[in-house]
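Asks: One structure coming up, written as structure tokens, with questions to follow.
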Amino acid sequence: MASTRRRPPRRRLWPKVRLLLFVAVIALGATALYPVWRSADPDPPDLLVRYRTDTPATSTVARPSLEVFNKTDEPLRLSDVSLRYWFTADDGAGSPGYAFNCVNAAFGCSHLAGRVVESDRPTDTADRYLEIRFSEAAGSLAPGANSKGIDLQLFRTDHKELEQSDDRSFDAETTSYKEAKKVTAYKRGVLAWGEEPDGTGPDDAGKKAKTAAAPEPLPAAPDGVLFDTFDYLGAKDPALFKHGWLVRTSKGGPGIENTWSADGVTFPGDEEALDGGQVLRLRASTDGTEAGTRQASLGTAASKFREGTYAARIHFSDEPATGEKGDHVNQTFYTIGGRGATYSELDNEYMPNGGWGRPGPKLDTVTWYDHRTNDRVYTTTNKSLAGWHTVMIRVKDDAVSYWLDGEKLFVSNGKYAPRTDMSVNFNHWFVDLPFKGDRAWDMKVDWLYYNANDTLSAKEVRARVEGFADNGVNYFDTVRGS
């Protein structure tokens, strides 16, 4: 039997089908065009970096100055941020081969760390990068705020010239701040600004970051501590003075008076230094005459050190670097401050050939009460100390103890204790000039550590020093008055 239901005309269904097909085509087109639209109109970055420099392509030092801008509506913790300045190694520069220091930062150079890393994806313009990280003490950037200039120096540890023309992040024409996408920035380890040398951008990095663990934050520098590994260009390095050091060129003694010179204060690379980095080298040289004598000294500008632990890794020399041996040289690590009723001085004086009528090699550890009347107490360690040693002074409860490689040498107390705050100094000088002829003597210092709060063992000091180095920390000063 034939159905009596009427079928709808075909023409009424077809317009609906055409409409659905049209919507589908539009949707497919929009999906295909979305990546093009995103590349032309990407999401705004969370942060951006600006860069400038003041060095030519060929220079003994790279001087990148960087600014970080917060482009979000929320505070940005600098400790969540790291920066990478990309460059290529020059011929003859081994590993590590490079060092850096911080000259200036609005939040203080004590609150950042840096290290030079070999890239695992090298290119012709970038096989290394200088990575900068910040501790919690660097603070946060308010929405729209910037870090202000972070002035850095990057140089070879052999102090030879850099050729920056093939360095990805370098641009000699950028002498005032401009946005720089060849300096990359990372937020909690994820690329947030710039383009890596292999072309990776923030969108690509975001996809990869889903399975990546966030890096460990940089620990804040402990309060009341000074630490320095002497990563400097030379006696005139602006960072040296910004970090509180003075190269002595003034008149007076000890030793051959009025012969203090900056010429003997250098910072060469040394394979035996902490992490194969640099050392402070103090060279005392002479031709046997007062006019031909140069003595060397480096000390803190501030007198703010008293109780606590003083420690330095020092290389003493029994023989000259050049010339005939036999000089009465004095290789000294000491503190000094005050005058008159508050005068205070704590000395470690190594004399490989003796001095003042007493034979060497010997180390005098001396606590002074009155220099004018020669009121002091001391002990002498009669043996050669040629080579590296950890030299310590500990001050607590009006007692001063002197230590060498973890062994206690001497204790003074009572009136023979510091009566005022002191500076910390390294000197290399001649007691006298016993013969004519050119010769030069070297004393080296790997690092200095001072802790105002605790009296530590040599083992504890070493562990803390190595911990700082592992985090790329080469300097900080949080002692009061810093």
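Lettering and numbering for the structure tokens are positional, with chains as A, B, ... in the shown order, residues counted from 1 in each chain, and ligands counted from 1 in the shown order.
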Residues near range 417-422 of chain A, anyone? I mean within 12 Å using only C-alpha atoms, not counting same-chain ones fewer than 3 positions away, as an MDAnalysis selection string.

Replies: chainID A and resid 299:308 310 334:347 366:370 376:377 393:401 411:414 425 452 479:481

Asks: Please identify all polymer residues within 12 Å of Met392 in chain A, counting only C-alpha atoms, omitting same-chain residues fewer than 2 positions from it, and present them as number ranges by chain.

Replies: A: 308-314, 333-335, 346-348, 365, 389-390, 394-395, 400-410, 448-451, 455-462

Asks: Could you work out how far CA of Pro64 in chain A lies from CA of Phe87 in chain A, giving the answer in Å with one decimal?

Replies: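 Computed distance, CA of Phe87 in chain A to CA of Pro64 in chain A, equals 11.5 Å.
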
Asks: Quick one: pick out all strand (DSSP E) residues within range 289-455 of chain A from a backbone DSSP run and write them as a ChimeraX atom specification.

Replies: /A:296-300,308-316,329-337,344-351,362-370,375-381,387-396,399-404,407-413,423-430,439-451

Asks: What's the separation between CA of Phe476 in chain A and CA of Pro75 in chain A, in Å to one decimal place?

Replies: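 Answer for the CA of Phe476 in chain A to CA of Pro75 in chain A separation: 25.3 Å.
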
Asks: Just the alpha helix (DSSP H) stuff from range 238-317 of chain A, please, per backbone DSSP, written as a count of residues only.

Replies: 5

Asks: So that each row is one residue of range 128-220 of chain A with an atom at most 12 Å from range 257-274 of chain A, can you give its shortest atom pair and the distance in Å to one decimal, using only C-alpha atoms, rows by chain and rising number, as JSON lines?

Replies:
{"residue": "A:Phe155", "atom": "CA", "partner": "A:Gly269", "partner_atom": "CA", "distance": 11.1}
{"residue": "A:Arg156", "atom": "CA", "partner": "A:Gly269", "partner_atom": "CA", "distance": 8.6}
{"residue": "A:Thr157", "atom": "CA", "partner": "A:Gly269", "partner_atom": "CA", "distance": 4.9}
{"residue": "A:Asp158", "atom": "CA", "partner": "A:Gly269", "partner_atom": "CA", "distance": 5.8}
{"residue": "A:His159", "atom": "CA", "partner": "A:Pro268", "partner_atom": "CA", "distance": 7.6}
{"residue": "A:Lys160", "atom": "CA", "partner": "A:Pro268", "partner_atom": "CA", "distance": 10.8}

Asks: Go ahead and write the residues just picked, N, CA, C and O atoms, as a short mmCIF file (atom, residue, chain, number, x, y, z; two decimals), in the first residue's frame.

Replies:
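out-v9.cif, written as the output of this step:
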data_model
loop_
_atom_site.label_atom_id
_atom_site.label_comp_id
_atom_site.auth_asym_id
_atom_site.auth_seq_id
_atom_site.Cartn_x
_atom_site.Cartn_y
_atom_site.Cartn_z
N PHE A 155 85.30 38.68 29.95
CA PHE A 155 86.66 38.78 29.44
C PHE A 155 87.36 37.42 29.52
O PHE A 155 86.91 36.51 30.23
N ARG A 156 88.45 37.31 28.78
CA ARG A 156 89.26 36.10 28.82
C ARG A 156 90.12 36.11 30.08
O ARG A 156 90.64 37.15 30.48
N THR A 157 90.31 34.94 30.67
CA THR A 157 91.13 34.88 31.88
C THR A 157 92.61 35.07 31.58
O THR A 157 93.39 35.34 32.49
N ASP A 158 93.01 34.94 30.30
CA ASP A 158 94.39 35.27 29.93
C ASP A 158 94.53 36.73 29.53
O ASP A 158 95.60 37.19 29.15
N HIS A 159 93.40 37.47 29.59
CA HIS A 159 93.35 38.91 29.34
C HIS A 159 93.76 39.30 27.92
O HIS A 159 94.14 40.45 27.67
N LYS A 160 93.68 38.36 26.98
CA LYS A 160 93.90 38.70 25.59
C LYS A 160 92.64 39.35 25.01
O LYS A 160 91.56 39.27 25.59
#

Asks: Quick one: residues within 12 Å of Pro352 in chain A, only C-alpha atoms counted, chain neighbours fewer than 6 positions away excluded, as a compact mmCIF listing (two decimals) with C-alpha atoms, in the first residue's frame?

Replies:
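around.txt, written as the output of this step:
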# COMPACT_ATOMS: atom_id res chain seq x y z
CA PHE A 316 103.37 31.58 49.34
CA SER A 317 106.64 31.59 47.39
CA ASP A 318 110.08 30.44 48.52
CA GLU A 319 111.76 31.45 45.26
CA PRO A 320 111.47 34.47 43.00
CA LYS A 325 116.82 34.31 45.31
CA GLY A 326 117.74 35.42 48.81
CA ASP A 327 115.56 38.51 49.37
CA HIS A 328 113.96 39.19 52.73
CA VAL A 329 110.43 39.44 51.32
CA ASN A 330 107.31 39.55 53.48
CA GLN A 331 104.10 37.96 52.18
CA THR A 332 101.34 39.21 54.44
CA ARG A 358 115.99 35.86 62.16
CA PRO A 359 116.34 33.04 59.61
CA GLY A 360 113.59 31.63 57.45
CA PRO A 361 111.51 30.15 56.13
CA LYS A 362 109.07 31.17 58.83
CA LEU A 363 105.51 32.36 59.45
CA ASP A 364 104.97 34.92 62.21
CA THR A 381 106.12 28.55 62.68
CA ASN A 382 109.57 27.59 61.39
CA LYS A 383 109.06 25.68 58.14
CA SER A 384 108.63 26.20 54.43
CA LEU A 385 105.10 27.06 53.34
CA ALA A 386 105.79 27.19 49.61
CA GLY A 387 102.52 26.43 47.80
CA PHE A 430 110.80 43.86 51.00
CA VAL A 431 112.18 44.05 54.55
CA TRP A 441 108.58 37.71 43.75
CA ASP A 442 104.94 36.58 43.52
CA MET A 443 102.31 36.04 46.19

Asks: Between CA of Leu141 in chain A and CA of Gln153 in chain A, what is the distance, to one decimal in Å?

Replies: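 Taking CA of Leu141 in chain A as the start and CA of Gln153 in chain A as the end point, the length is 23.5 Å.
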
Asks: Which residue gives the smallest distance to Ala105 in chain A among A:Val465, A:Val445, A:Ala138, A:Leu433, with only C-alpha atoms counted?

Replies: A:Ala138
